[in-house]
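Engineer: Data: run_14.csv, CSV, C-alpha atoms.
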```
chain,number,residue,atom,x,y,z
A,810,MET,CA,-4.9,13.6,-22.2
A,811,ARG,CA,-6.9,12.0,-19.3
A,812,THR,CA,-4.0,13.0,-17.0
A,813,LEU,CA,-3.8,16.6,-18.2
A,814,ALA,CA,-7.5,17.2,-18.2
A,815,PRO,CA,-7.8,17.8,-14.4
A,816,LEU,CA,-5.1,20.5,-14.6
A,817,LEU,CA,-6.9,22.3,-17.5
A,818,LEU,CA,-10.2,22.1,-15.6
A,819,ALA,CA,-8.5,23.4,-12.5
A,820,GLY,CA,-7.1,26.4,-14.2
A,821,CYS,CA,-10.6,27.4,-15.4
A,822,ALA,CA,-12.2,26.7,-12.0
A,823,LEU,CA,-9.6,28.7,-10.0
A,824,ALA,CA,-9.8,31.6,-12.5
A,825,PHE,CA,-13.6,31.7,-12.3
A,826,ASP,CA,-13.7,32.0,-8.5
A,827,ALA,CA,-11.7,35.2,-8.6
A,828,LYS,CA,-13.0,36.6,-5.2
A,829,ALA,CA,-12.0,33.7,-3.1
A,830,GLU,CA,-8.8,33.5,-1.1
A,831,THR,CA,-5.9,31.6,-2.8
A,832,ARG,CA,-4.0,29.1,-0.6
A,833,PHE,CA,-0.7,27.7,-1.7
A,834,GLN,CA,1.0,24.7,-0.2
A,835,PRO,CA,4.4,23.4,-1.4
A,836,ILE,CA,5.2,19.7,-1.5
A,837,LEU,CA,8.7,18.4,-0.6
A,838,ASP,CA,9.3,14.8,0.3
A,839,ALA,CA,12.9,13.5,0.1
A,840,ARG,CA,14.3,10.1,1.1
A,841,LEU,CA,17.8,8.6,1.1
A,842,ARG,CA,18.0,4.8,1.7
A,843,TYR,CA,20.5,2.0,1.9
A,844,GLU,CA,19.2,-1.5,1.4
A,845,THR,CA,21.1,-4.7,1.4
A,846,VAL,CA,19.8,-8.2,0.6
A,847,ASP,CA,21.4,-11.5,1.4
A,848,GLN,CA,19.5,-14.2,-0.4
A,849,ASP,CA,20.6,-17.8,-0.9
A,850,GLY,CA,21.7,-18.6,-4.4
A,851,LEU,CA,22.3,-14.9,-5.5
A,852,ARG,CA,25.0,-12.3,-5.0
A,853,ASP,CA,24.4,-9.9,-2.1
A,854,ALA,CA,22.6,-6.8,-3.2
A,855,ASP,CA,23.6,-3.3,-2.2
A,856,ALA,CA,21.4,-0.4,-3.1
A,857,VAL,CA,21.7,3.3,-2.3
A,858,THR,CA,18.8,5.2,-3.7
A,859,ALA,CA,17.6,8.8,-3.4
A,860,ARG,CA,14.0,9.8,-4.1
A,861,LEU,CA,12.6,13.3,-4.4
A,862,ARG,CA,9.0,14.4,-4.7
A,863,THR,CA,8.3,18.0,-5.4
A,864,GLY,CA,5.1,19.9,-6.2
A,865,PHE,CA,2.4,22.1,-5.0
A,866,GLU,CA,-1.3,22.4,-4.2
A,867,ILE,CA,-3.2,25.6,-5.0
A,868,ALA,CA,-6.7,25.9,-3.5
A,869,ARG,CA,-9.3,28.6,-4.0
A,870,GLY,CA,-12.9,28.4,-2.8
A,871,ASP,CA,-14.2,24.9,-3.3
A,872,PHE,CA,-11.5,23.8,-5.8
A,873,ALA,CA,-7.9,22.7,-5.4
A,874,VAL,CA,-5.4,21.6,-7.9
A,875,LEU,CA,-2.3,19.5,-7.0
A,876,ALA,CA,0.7,18.5,-9.2
A,877,GLU,CA,3.7,16.5,-8.0
A,878,SER,CA,6.7,15.0,-9.7
A,879,GLU,CA,8.8,12.1,-8.5
A,880,ALA,CA,12.4,11.2,-9.3
A,881,THR,CA,14.5,8.2,-8.1
A,882,LEU,CA,18.3,8.0,-8.6
A,883,ALA,CA,20.5,4.9,-7.9
A,884,LEU,CA,23.7,6.1,-6.3
A,885,VAL,CA,24.9,2.5,-5.8
A,886,GLY,CA,23.3,0.1,-8.2
A,887,ASN,CA,24.4,-3.4,-7.2
A,888,TYR,CA,20.9,-4.8,-7.2
A,889,ASN,CA,18.1,-6.0,-9.6
A,890,SER,CA,15.8,-3.1,-10.0
A,891,THR,CA,13.5,-5.2,-12.3
A,892,THR,CA,14.5,-2.9,-15.2
A,893,ASN,CA,18.4,-2.7,-15.1
A,894,GLY,CA,19.0,-6.3,-16.2
A,895,ARG,CA,21.2,-7.2,-13.1
A,896,THR,CA,19.5,-10.5,-12.5
A,897,GLY,CA,22.4,-12.0,-10.6
A,898,PHE,CA,21.4,-9.9,-7.6
A,899,PRO,CA,18.2,-10.1,-5.5
A,900,VAL,CA,15.4,-7.7,-6.4
A,901,VAL,CA,15.2,-4.3,-4.8
A,902,ALA,CA,12.2,-2.8,-6.6
A,903,ASP,CA,13.5,0.8,-6.7
A,904,PRO,CA,14.3,1.5,-10.4
A,905,GLU,CA,15.7,4.8,-11.5
A,906,ASN,CA,12.7,6.9,-12.6
A,907,ILE,CA,11.3,10.3,-13.4
A,908,GLU,CA,7.6,10.7,-13.7
A,909,LEU,CA,4.5,12.7,-12.9
A,910,ASN,CA,3.3,11.1,-9.7
A,911,ARG,CA,0.1,13.0,-9.1
A,912,ALA,CA,-2.0,15.5,-11.0
A,913,GLN,CA,-5.4,16.0,-9.6
A,914,LEU,CA,-8.4,18.4,-9.3
A,915,GLN,CA,-10.5,18.3,-6.1
A,916,TYR,CA,-13.9,19.8,-5.5
A,917,ARG,CA,-15.4,20.2,-2.0
A,918,GLY,CA,-18.5,22.2,-2.8
A,919,LEU,CA,-21.0,19.4,-2.1
A,920,PRO,CA,-22.2,18.7,1.5
A,921,LYS,CA,-19.6,16.6,3.4
A,922,THR,CA,-18.3,15.3,0.0
A,923,ILE,CA,-14.9,15.3,-1.7
A,924,VAL,CA,-14.6,14.6,-5.4
A,925,THR,CA,-11.1,14.0,-6.8
A,926,LEU,CA,-10.3,13.6,-10.5
A,927,GLY,CA,-6.9,12.8,-12.0
A,928,ARG,CA,-3.8,10.9,-11.1
A,929,GLN,CA,-4.1,10.4,-7.3
A,930,ARG,CA,-3.1,8.5,-4.3
A,931,ILE,CA,-5.7,5.9,-3.1
A,932,ALA,CA,-5.0,4.1,0.2
A,933,LEU,CA,-8.0,2.3,1.6
A,934,ASP,CA,-8.3,1.2,5.3
A,935,ASP,CA,-5.1,-0.6,6.3
A,936,GLN,CA,-4.1,-0.9,2.5
A,937,ARG,CA,-4.6,-4.6,2.5
A,938,PHE,CA,-6.5,-4.5,-0.8
A,939,VAL,CA,-5.7,-1.0,-2.2
A,940,GLY,CA,-2.7,1.1,-1.3
A,941,ASN,CA,0.1,3.4,-2.5
A,942,VAL,CA,3.0,1.1,-1.7
A,943,GLY,CA,4.6,3.9,0.2
A,944,TRP,CA,7.6,1.9,1.4
A,945,ARG,CA,9.1,1.7,-2.1
A,946,GLN,CA,10.8,4.8,-3.6
A,947,ASN,CA,8.4,5.0,-6.5
A,948,GLU,CA,4.8,5.3,-5.3
A,949,GLN,CA,1.8,3.6,-6.7
A,950,THR,CA,-0.9,6.0,-7.8
A,951,PHE,CA,-4.1,5.7,-9.9
A,952,ASP,CA,-5.6,7.6,-12.8
A,953,ALA,CA,-9.1,7.8,-11.4
A,954,VAL,CA,-12.2,9.6,-10.2
A,955,ARG,CA,-13.1,9.2,-6.6
A,956,ILE,CA,-16.1,10.3,-4.4
A,957,GLU,CA,-15.9,10.3,-0.6
A,958,SER,CA,-19.1,11.3,1.1
A,959,GLY,CA,-20.5,11.6,4.6
A,960,ALA,CA,-23.7,13.3,3.5
A,961,LEU,CA,-25.8,10.3,4.5
A,962,GLY,CA,-25.5,10.8,8.2
A,963,PRO,CA,-23.9,7.8,10.0
A,964,VAL,CA,-23.2,6.1,6.7
A,965,THR,CA,-20.0,7.0,4.8
A,966,LEU,CA,-19.5,6.1,1.2
A,967,ASP,CA,-16.3,5.8,-0.8
A,968,LEU,CA,-16.5,5.1,-4.5
A,969,ALA,CA,-13.6,5.2,-7.1
A,970,TYR,CA,-13.2,4.2,-10.7
A,971,ALA,CA,-9.6,3.8,-11.9
A,972,TRP,CA,-8.7,3.3,-15.5
A,973,SER,CA,-4.9,3.0,-14.9
A,974,ASP,CA,-2.7,1.7,-12.1
A,975,ARG,CA,0.6,3.7,-12.2
A,976,THR,CA,2.9,1.1,-10.7
A,977,ILE,CA,6.2,1.3,-8.7
A,978,PHE,CA,8.2,-0.1,-11.7
A,979,GLY,CA,9.0,3.1,-13.4
A,980,VAL,CA,9.1,4.5,-16.9
A,981,ASP,CA,11.5,1.9,-18.3
A,982,SER,CA,9.2,-1.0,-17.4
A,983,ALA,CA,6.5,-2.6,-19.6
A,984,LEU,CA,4.4,-2.5,-16.4
A,985,GLN,CA,4.7,1.2,-15.7
A,986,SER,CA,1.0,1.6,-16.3
A,987,ILE,CA,-1.6,-1.2,-16.2
A,988,GLY,CA,-4.9,-0.3,-17.8
A,989,GLY,CA,-8.3,-1.7,-16.9
A,990,ASP,CA,-11.7,-1.0,-15.4
A,991,ASN,CA,-11.1,-1.0,-11.7
A,992,VAL,CA,-13.9,-0.2,-9.2
A,993,PHE,CA,-13.3,0.3,-5.4
A,994,ALA,CA,-16.5,0.7,-3.4
A,995,GLY,CA,-17.1,0.9,0.3
A,996,ALA,CA,-19.8,1.8,2.7
A,997,GLY,CA,-19.1,2.2,6.4
A,998,VAL,CA,-20.8,3.0,9.7
A,999,GLN,CA,-19.4,3.9,13.2
A,1000,PHE,CA,-20.9,3.4,16.6
A,1001,GLY,CA,-18.6,4.9,19.2
A,1002,THR,CA,-15.3,3.1,18.8
A,1003,LEU,CA,-16.8,0.3,16.6
A,1004,LYS,CA,-16.3,0.7,12.9
A,1005,MET,CA,-17.9,-1.5,10.3
A,1006,LYS,CA,-17.5,-1.5,6.6
A,1007,ALA,CA,-18.7,-3.5,3.6
A,1008,PHE,CA,-16.6,-3.4,0.4
A,1009,ALA,CA,-16.3,-4.5,-3.2
A,1010,TYR,CA,-13.1,-4.3,-5.1
A,1011,LEU,CA,-13.2,-5.1,-8.9
A,1012,VAL,CA,-9.7,-5.4,-10.2
A,1013,ASP,CA,-9.1,-5.5,-14.0
A,1014,GLN,CA,-5.5,-6.0,-15.2
A,1015,ASP,CA,-5.4,-5.8,-19.0
A,1016,GLU,CA,-1.7,-6.1,-19.6
A,1017,ALA,CA,-0.1,-9.4,-20.8
A,1018,GLY,CA,1.3,-11.3,-17.8
A,1019,ARG,CA,-1.1,-9.6,-15.4
A,1020,ARG,CA,-4.5,-10.9,-16.5
A,1021,GLN,CA,-4.5,-13.6,-13.9
A,1022,PHE,CA,-4.8,-10.9,-11.2
A,1023,SER,CA,-8.2,-9.7,-12.5
A,1024,SER,CA,-10.6,-10.5,-9.8
A,1025,GLN,CA,-13.8,-9.5,-8.0
A,1026,THR,CA,-13.7,-9.3,-4.2
A,1027,TYR,CA,-16.6,-8.7,-1.8
A,1028,GLY,CA,-16.2,-8.5,2.0
A,1029,VAL,CA,-16.7,-6.9,5.4
A,1030,ARG,CA,-14.4,-5.5,8.0
A,1031,ALA,CA,-15.0,-4.5,11.6
A,1032,SER,CA,-12.7,-2.9,14.2
A,1033,GLY,CA,-13.0,-1.4,17.6
A,1034,THR,CA,-11.5,-0.7,21.0
A,1035,LEU,CA,-12.6,-1.3,24.6
A,1036,PRO,CA,-11.2,0.2,27.8
A,1037,LEU,CA,-9.9,-2.6,30.1
A,1038,HIS,CA,-8.7,-1.1,33.4
A,1039,ASP,CA,-5.3,0.5,32.6
A,1040,PHE,CA,-5.3,-1.1,29.1
A,1041,THR,CA,-7.0,-0.6,25.8
A,1042,LEU,CA,-8.2,-3.8,24.0
A,1043,GLY,CA,-8.3,-3.6,20.2
A,1044,MET,CA,-10.0,-6.0,17.9
A,1045,THR,CA,-10.1,-6.3,14.1
A,1046,GLY,CA,-11.9,-8.9,12.0
A,1047,SER,CA,-12.4,-9.2,8.3
A,1048,TYR,CA,-13.8,-11.7,5.8
A,1049,ALA,CA,-13.9,-11.6,1.9
A,1050,ARG,CA,-14.7,-13.8,-1.0
A,1051,GLN,CA,-12.7,-13.5,-4.3
A,1052,SER,CA,-13.3,-15.0,-7.7
A,1053,ASP,CA,-12.0,-14.5,-11.2
A,1054,TRP,CA,-13.2,-11.5,-13.2
A,1055,GLN,CA,-13.0,-10.0,-16.7
A,1056,SER,CA,-10.0,-11.3,-18.7
A,1057,SER,CA,-8.7,-13.6,-16.0
A,1058,PRO,CA,-7.7,-17.0,-17.5
A,1059,LEU,CA,-8.3,-18.7,-14.1
A,1060,ASP,CA,-11.4,-20.3,-12.7
A,1061,TYR,CA,-11.5,-20.1,-8.9
A,1062,SER,CA,-13.2,-18.8,-5.7
A,1063,ALA,CA,-11.2,-18.3,-2.6
A,1064,ASP,CA,-11.7,-16.9,0.9
A,1065,TYR,CA,-9.9,-14.3,3.0
A,1066,TRP,CA,-10.0,-14.3,6.8
A,1067,LEU,CA,-8.4,-12.0,9.4
A,1068,GLY,CA,-8.6,-12.0,13.2
A,1069,GLU,CA,-6.4,-9.6,15.3
A,1070,VAL,CA,-6.3,-8.7,18.9
A,1071,SER,CA,-4.1,-6.0,20.5
A,1072,LEU,CA,-3.5,-4.9,24.1
A,1073,LYS,CA,-2.2,-1.4,24.7
A,1074,ARG,CA,-0.9,0.3,27.9
A,1075,LYS,CA,0.6,3.8,27.5
A,1076,ALA,CA,3.4,3.5,24.9
A,1077,LEU,CA,3.5,-0.3,24.7
A,1078,THR,CA,1.3,-2.4,22.4
A,1079,LEU,CA,1.2,-6.2,22.1
A,1080,THR,CA,-0.6,-7.6,19.0
A,1081,GLY,CA,-1.4,-11.1,17.9
A,1082,GLY,CA,-3.3,-12.2,14.7
A,1083,TYR,CA,-4.1,-14.8,12.1
A,1084,GLU,CA,-4.6,-14.1,8.4
A,1085,VAL,CA,-5.6,-16.5,5.7
A,1086,LEU,CA,-5.4,-16.0,2.0
A,1087,GLY,CA,-7.1,-19.1,0.7
A,1088,ALA,CA,-6.6,-21.3,-2.3
A,1089,SER,CA,-9.3,-23.0,-4.3
A,1090,GLY,CA,-9.4,-24.6,-7.8
A,1091,ALA,CA,-6.9,-23.0,-10.1
A,1092,GLY,CA,-6.2,-19.9,-8.1
A,1093,ALA,CA,-5.4,-18.3,-4.7
A,1094,PHE,CA,-6.6,-15.1,-3.1
A,1095,GLN,CA,-4.5,-12.2,-4.5
A,1096,THR,CA,-4.1,-8.5,-3.6
A,1097,PRO,CA,-2.2,-7.0,-6.5
A,1098,LEU,CA,-3.0,-3.4,-5.6
A,1099,ALA,CA,-2.2,-3.7,-1.9
A,1100,THR,CA,0.7,-2.2,0.0
A,1101,GLY,CA,2.1,-5.7,0.3
A,1102,HIS,CA,5.2,-4.8,2.3
A,1103,LYS,CA,3.1,-4.1,5.3
A,1104,PHE,CA,1.8,-7.7,5.5
A,1105,GLN,CA,3.3,-11.2,5.8
A,1106,GLY,CA,6.8,-10.1,6.5
A,1107,TRP,CA,9.2,-7.4,5.3
A,1108,ALA,CA,11.4,-9.9,3.4
A,1109,ASP,CA,8.6,-9.7,0.7
A,1110,LEU,CA,8.4,-13.5,0.0
A,1111,PHE,CA,4.6,-13.3,-0.3
A,1112,LEU,CA,3.8,-10.2,-2.4
A,1113,VAL,CA,2.1,-12.7,-4.7
A,1114,THR,CA,0.1,-15.4,-2.9
A,1115,PRO,CA,1.5,-18.9,-3.5
A,1116,ALA,CA,-0.7,-21.3,-5.5
A,1117,ASN,CA,-1.6,-23.2,-2.3
A,1118,GLY,CA,-2.6,-20.0,-0.4
A,1119,ILE,CA,-1.1,-18.8,2.8
A,1120,ARG,CA,-1.8,-18.8,6.5
A,1121,ASP,CA,0.1,-16.3,8.6
A,1122,LEU,CA,0.2,-16.5,12.4
A,1123,TYR,CA,1.9,-13.4,13.8
A,1124,ALA,CA,2.7,-11.5,17.0
A,1125,SER,CA,4.3,-8.2,17.6
A,1126,ALA,CA,5.4,-5.8,20.3
A,1127,ALA,CA,5.6,-2.0,19.7
A,1128,TYR,CA,6.9,0.9,21.8
A,1129,ALA,CA,6.0,4.4,20.7
A,1130,GLY,CA,8.4,6.7,22.5
A,1131,PRO,CA,11.0,9.3,21.5
A,1132,VAL,CA,12.7,6.3,19.9
A,1133,SER,CA,10.1,3.9,18.5
A,1134,LEU,CA,10.7,0.1,18.6
A,1135,LEU,CA,8.9,-2.7,16.8
A,1136,LEU,CA,9.5,-6.5,16.8
A,1137,VAL,CA,7.4,-8.9,14.7
A,1138,TRP,CA,7.3,-12.7,14.4
A,1139,HIS,CA,5.5,-14.7,11.6
A,1140,ARG,CA,4.9,-18.4,11.0
A,1141,PHE,CA,3.8,-19.1,7.4
A,1142,GLU,CA,2.0,-22.2,6.2
A,1143,SER,CA,0.0,-23.1,3.1
A,1144,ASP,CA,-3.8,-23.1,3.1
A,1145,ARG,CA,-3.9,-26.5,1.5
A,1146,GLN,CA,-1.6,-29.5,1.3
A,1147,GLY,CA,-0.2,-28.8,4.8
A,1148,LEU,CA,3.1,-27.1,3.7
A,1149,ARG,CA,5.3,-25.3,6.2
A,1150,TYR,CA,6.6,-22.3,4.3
A,1151,GLY,CA,8.9,-20.8,6.9
A,1152,THR,CA,9.2,-18.3,9.7
A,1153,GLU,CA,10.3,-14.7,9.8
A,1154,TRP,CA,11.5,-12.1,12.3
A,1155,ASN,CA,11.2,-8.4,11.7
A,1156,ALA,CA,12.7,-5.5,13.8
A,1157,GLN,CA,12.6,-1.7,13.4
A,1158,VAL,CA,13.9,1.3,15.3
A,1159,GLY,CA,12.7,4.8,14.4
A,1160,PHE,CA,13.8,8.2,15.6
A,1161,LYS,CA,12.6,11.7,14.7
A,1162,PRO,CA,15.2,14.3,15.8
A,1163,SER,CA,12.9,17.1,14.4
A,1164,LYS,CA,9.5,17.4,12.8
A,1165,PRO,CA,10.6,17.1,9.1
A,1166,LEU,CA,13.4,14.6,9.7
A,1167,GLY,CA,13.0,10.8,10.4
A,1168,LEU,CA,15.6,8.1,10.7
A,1169,THR,CA,14.7,4.4,10.4
A,1170,LEU,CA,16.8,1.2,10.9
A,1171,LYS,CA,14.9,-1.9,9.8
A,1172,TYR,CA,15.7,-5.7,9.5
A,1173,ALA,CA,14.0,-8.8,8.1
A,1174,ASP,CA,15.1,-12.4,8.4
A,1175,TYR,CA,13.2,-15.1,6.6
A,1176,ASP,CA,14.0,-18.8,7.4
A,1177,ALA,CA,12.7,-21.0,4.6
A,1178,ASP,CA,11.3,-24.4,5.1
A,1179,GLN,CA,9.2,-25.5,2.2
A,1180,PHE,CA,8.9,-22.2,0.3
A,1181,GLY,CA,11.5,-19.9,-1.2
A,1182,ALA,CA,15.0,-19.4,0.0
A,1183,ASP,CA,16.5,-17.9,3.1
A,1184,ARG,CA,16.5,-14.1,2.8
A,1185,ARG,CA,17.9,-11.3,5.0
A,1186,LYS,CA,17.3,-7.6,4.5
A,1187,LEU,CA,18.7,-4.5,6.2
A,1188,TRP,CA,17.6,-0.9,5.6
A,1189,LEU,CA,18.9,2.4,6.8
A,1190,GLN,CA,16.7,5.3,5.8
A,1191,LEU,CA,16.6,9.1,6.2
A,1192,ASP,CA,13.4,11.0,5.4
A,1193,TYR,CA,12.7,14.7,5.1
A,1194,VAL,CA,9.0,15.7,4.7
A,1195,LEU,CA,8.1,19.3,4.6
```
Would you write the structure of this file as structure tokens?

Structural biologist:
Amino acid sequence: MRTLAPLLLAGCALAFDAKAETRFQPILDARLRYETVDQDGLRDADAVTARLRTGFEIARGDFAVLAESEATLALVGNYNSTTNGRTGFPVVADPENIELNRAQLQYRGLPKTIVTLGRQRIALDDQRFVGNVGWRQNEQTFDAVRIESGALGPVTLDLAYAWSDRTIFGVDSALQSIGGDNVFAGAGVQFGTLKMKAFAYLVDQDEAGRRQFSSQTYGVRASGTLPLHDFTLGMTGSYARQSDWQSSPLDYSADYWLGEVSLKRKALTLTGGYEVLGASGAGAFQTPLATGHKFQGWADLFLVTPANGIRDLYASAAYAGPVSLLLVWHRFESDRQGLRYGTEWNAQVGFKPSKPLGLTLKYADYDADQFGADRRKLWLQLDYVL
């Protein structure tokens, strides 16, 4: 009923504002992907999956209603989807699935403020703490109410309360939906190219087997750019402190640190950074609602932070031309006990022959030392977004 309520309210709102112009926007997002995984100790996985999102947004006056379905089909299923029982293969977390992905009502009648109610996409900043996991075929969305406001002049506010995390694992999974009282709050200011933000993320995971991820995180983030002759210097820094919260069985407090510097000239960007997810007491710094694939290597060894934490030294080179290129290197170590986890290389080539079409070739190679097993992944992907 909580999911359907926004649509019922939207119908009333749109009908009431009968004199306003009606705007209709169709939604079509299709993806065909081949993914293969070579992991020591398991059979090679081969997955060919197709995903289709369809829907619409209707807006009239200050109101808009959006509804979107999502369906994923396994054309070749030689992989462990997390729900198909094929545990002899490596995990490719793209289970077959049909679901209501988004159903939301949005109101823009307040000064410089957007209010969104219902099942929605929430992707905050770089998605290190809260994201939509857009790389996977089934998207992560939230049953939530969110207020985004710039009404206080230079200060922007973003406040969301989510009572359900709609995960990537699909309708056949016990973890399709994870209930809880989640609060995502941020306040930011901008001075020229310098952006600063304070945030608080309260994550409540009520489901059995997930309560250890319940946590409270408070932190700050700053980023900016400076012109440097023919170059642009970019800098990002972040710090956060996390501890157990609500039903968590753990007792811990851990730190997060990020320092990143980039140098850009025309289409070429060089980046170097160091990220730490610390460990303390019985726990380590976790980001269970993040778009984890973006961070700490595409081989996905560290979607859950190891008990001894992780330190990630990384460097990348990117070229943004008609054909985009990206090369990334990582060295992973523990935050305590001096363990060398391993190293990883990532490479990606992207090409857009036309506006709706995109072609991506992507590769990850993790070389294990004291954590996990060697793992190599290859993707070939075709996207069509209307």

Engineer: Pick out the closest residue to A:Gly918 from this set: A:Ala873, A:Ala1124, A:Leu961, A:Ala1009. Count all atoms listed in the file.

Structural biologist: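 So, comparing all the options, the nearest one is A:Ala873.
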
Engineer: Figure out the distance between atom CA of A:His1038 and atom CA of A:Phe1000, please, to one decimal in Å.

Structural biologist: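 Distance between the two atoms: 21.2 Å.
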
Engineer: What is the atom CA of A:Asp855-atom CA of A:Phe898 distance in Å, reported with one decimal?

Structural biologist: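 Result for atom CA of A:Asp855 versus atom CA of A:Phe898: 8.8 Å, one decimal.
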
Engineer: Env of A:Asn947: 8 Å cut, atoms = only C-alpha atoms, seq-sep filter 3 positions within chain, self excluded. Answer as a compact mmCIF listing (two decimals) with C-alpha atoms, in the coordinates of the input.

Structural biologist:
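Listing of around_30.txt after writing:
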```
# COMPACT_ATOMS: atom_id res chain seq x y z
CA ARG A 860 14.00 9.80 -4.10
CA GLU A 879 8.80 12.10 -8.50
CA ALA A 880 12.40 11.20 -9.30
CA THR A 881 14.50 8.20 -8.10
CA ASP A 903 13.50 0.80 -6.70
CA PRO A 904 14.30 1.50 -10.40
CA ASN A 906 12.70 6.90 -12.60
CA GLY A 943 4.60 3.90 0.20
CA THR A 976 2.90 1.10 -10.70
CA ILE A 977 6.20 1.30 -8.70
CA PHE A 978 8.20 -0.10 -11.70
CA GLY A 979 9.00 3.10 -13.40
```

Engineer: Excluding A:Thr891 and residues on its chain fewer than 2 positions from it, collect all residues at most 12 Å away from it, counting all atoms listed in the file, and give them as a VMD selection string.

Structural biologist: chain A and resid 886 888 to 889 893 to 905 977 to 985

Engineer: Determine the nearest neighbour of A:Arg1020 from the options A:Ala1129, A:Val1113, A:Ile987, A:Leu1135, counting all atoms listed in the file.

Structural biologist: A:Ile987

Engineer: Give me the residues within 12 Å of stretch 829-835 of chain A as a list in words, counting only C-alpha atoms and dropping any in the same chain fewer than 6 places off.

Structural biologist: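 Here the answer would be Ala822, Leu823, Arg862, Thr863, Gly864, Phe865, Glu866, Ile867, Ala868, Arg869, Gly870, Asp871, Phe872, Ala873, Val874, Leu875, Ala876, Glu877, Val1194 and Leu1195 of chain A.
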
Engineer: What gap, in Å, lies between atom CA of A:Tyr1083 and atom CA of A:Gly1106?

Structural biologist: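 A separation of 13.1 Å between them.
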
Engineer: Which residue gives the smallest distance to A:Asn991 among A:Leu1003, A:Leu1098, A:Ala854, A:Ala1116, with all atoms listed in the file counted?

Structural biologist: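 Using all atoms listed in the file, the shortest distance to A:Asn991 belongs to A:Leu1098.
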
Engineer: With all atoms listed in the file as the basis for distance, which of A:Pro1115, A:Pro1131, A:Pro1097, A:Pro1162 is at the shortest distance from A:Arg1145?

Structural biologist: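 Checking each of A:Pro1115, A:Pro1131, A:Pro1097, A:Pro1162 against A:Arg1145, counting all atoms listed in the file, the winner is A:Pro1115.
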
Engineer: So which residues touch A:Ala1127 within 10 Å, counting only C-alpha atoms, skipping near sequence neighbours fewer than 6 positions away, as a JSON list (two decimals) with C-alpha atoms, in the coordinates of the input?

Structural biologist:
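Here's the written file part02.json:
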```json
[["chain", "number", "residue", "atom", "x", "y", "z"],
["A", 1073, "LYS", "CA", -2.20, -1.40, 24.70],
["A", 1076, "ALA", "CA", 3.40, 3.50, 24.90],
["A", 1077, "LEU", "CA", 3.50, -0.30, 24.70],
["A", 1078, "THR", "CA", 1.30, -2.40, 22.40],
["A", 1079, "LEU", "CA", 1.20, -6.20, 22.10],
["A", 1080, "THR", "CA", -0.60, -7.60, 19.00],
["A", 1133, "SER", "CA", 10.10, 3.90, 18.50],
["A", 1134, "LEU", "CA", 10.70, 0.10, 18.60],
["A", 1135, "LEU", "CA", 8.90, -2.70, 16.80],
["A", 1136, "LEU", "CA", 9.50, -6.50, 16.80],
["A", 1137, "VAL", "CA", 7.40, -8.90, 14.70],
["A", 1156, "ALA", "CA", 12.70, -5.50, 13.80],
["A", 1157, "GLN", "CA", 12.60, -1.70, 13.40],
["A", 1158, "VAL", "CA", 13.90, 1.30, 15.30]]
```

Engineer: Pick out the closest residue to A:Ala1007 from this set: A:Ser1052, A:Thr965, A:Asn887, A:Ser986. Count only C-alpha atoms.

Structural biologist: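 Using only C-alpha atoms, A:Ala1007 sits closest to A:Thr965.
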
Engineer: Can you tell me which residues surround stretch 1084-1095 of chain A at a distance of at most 6 Å, considering only C-alpha atoms, apart from same-chain residues fewer than 2 positions away, and format the answer as a PDB file with C-alpha atoms, keeping the file's coordinate frame?

Structural biologist:
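Once written, result.pdb looks like this:
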```pdb
ATOM      1  CA  ASP A1060     -11.400 -20.300 -12.700  1.00  0.00           C
ATOM      2  CA  TYR A1061     -11.500 -20.100  -8.900  1.00  0.00           C
ATOM      3  CA  SER A1062     -13.200 -18.800  -5.700  1.00  0.00           C
ATOM      4  CA  ALA A1063     -11.200 -18.300  -2.600  1.00  0.00           C
ATOM      5  CA  ASP A1064     -11.700 -16.900   0.900  1.00  0.00           C
ATOM      6  CA  TYR A1065      -9.900 -14.300   3.000  1.00  0.00           C
ATOM      7  CA  TRP A1066     -10.000 -14.300   6.800  1.00  0.00           C
ATOM      8  CA  LEU A1067      -8.400 -12.000   9.400  1.00  0.00           C
ATOM      9  CA  THR A1114       0.100 -15.400  -2.900  1.00  0.00           C
ATOM     10  CA  ALA A1116      -0.700 -21.300  -5.500  1.00  0.00           C
ATOM     11  CA  ASN A1117      -1.600 -23.200  -2.300  1.00  0.00           C
ATOM     12  CA  GLY A1118      -2.600 -20.000  -0.400  1.00  0.00           C
ATOM     13  CA  ILE A1119      -1.100 -18.800   2.800  1.00  0.00           C
ATOM     14  CA  ARG A1120      -1.800 -18.800   6.500  1.00  0.00           C
ATOM     15  CA  ASP A1121       0.100 -16.300   8.600  1.00  0.00           C
ATOM     16  CA  ASP A1144      -3.800 -23.100   3.100  1.00  0.00           C
TER      17      ASP A1144
END
```

Engineer: Nearest to A:Asp967: which of A:Glu908, A:Glu948, A:Glu1016, A:Asp934 is it, counting only C-alpha atoms?

Structural biologist: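 So, comparing all the options, the nearest one is A:Asp934.
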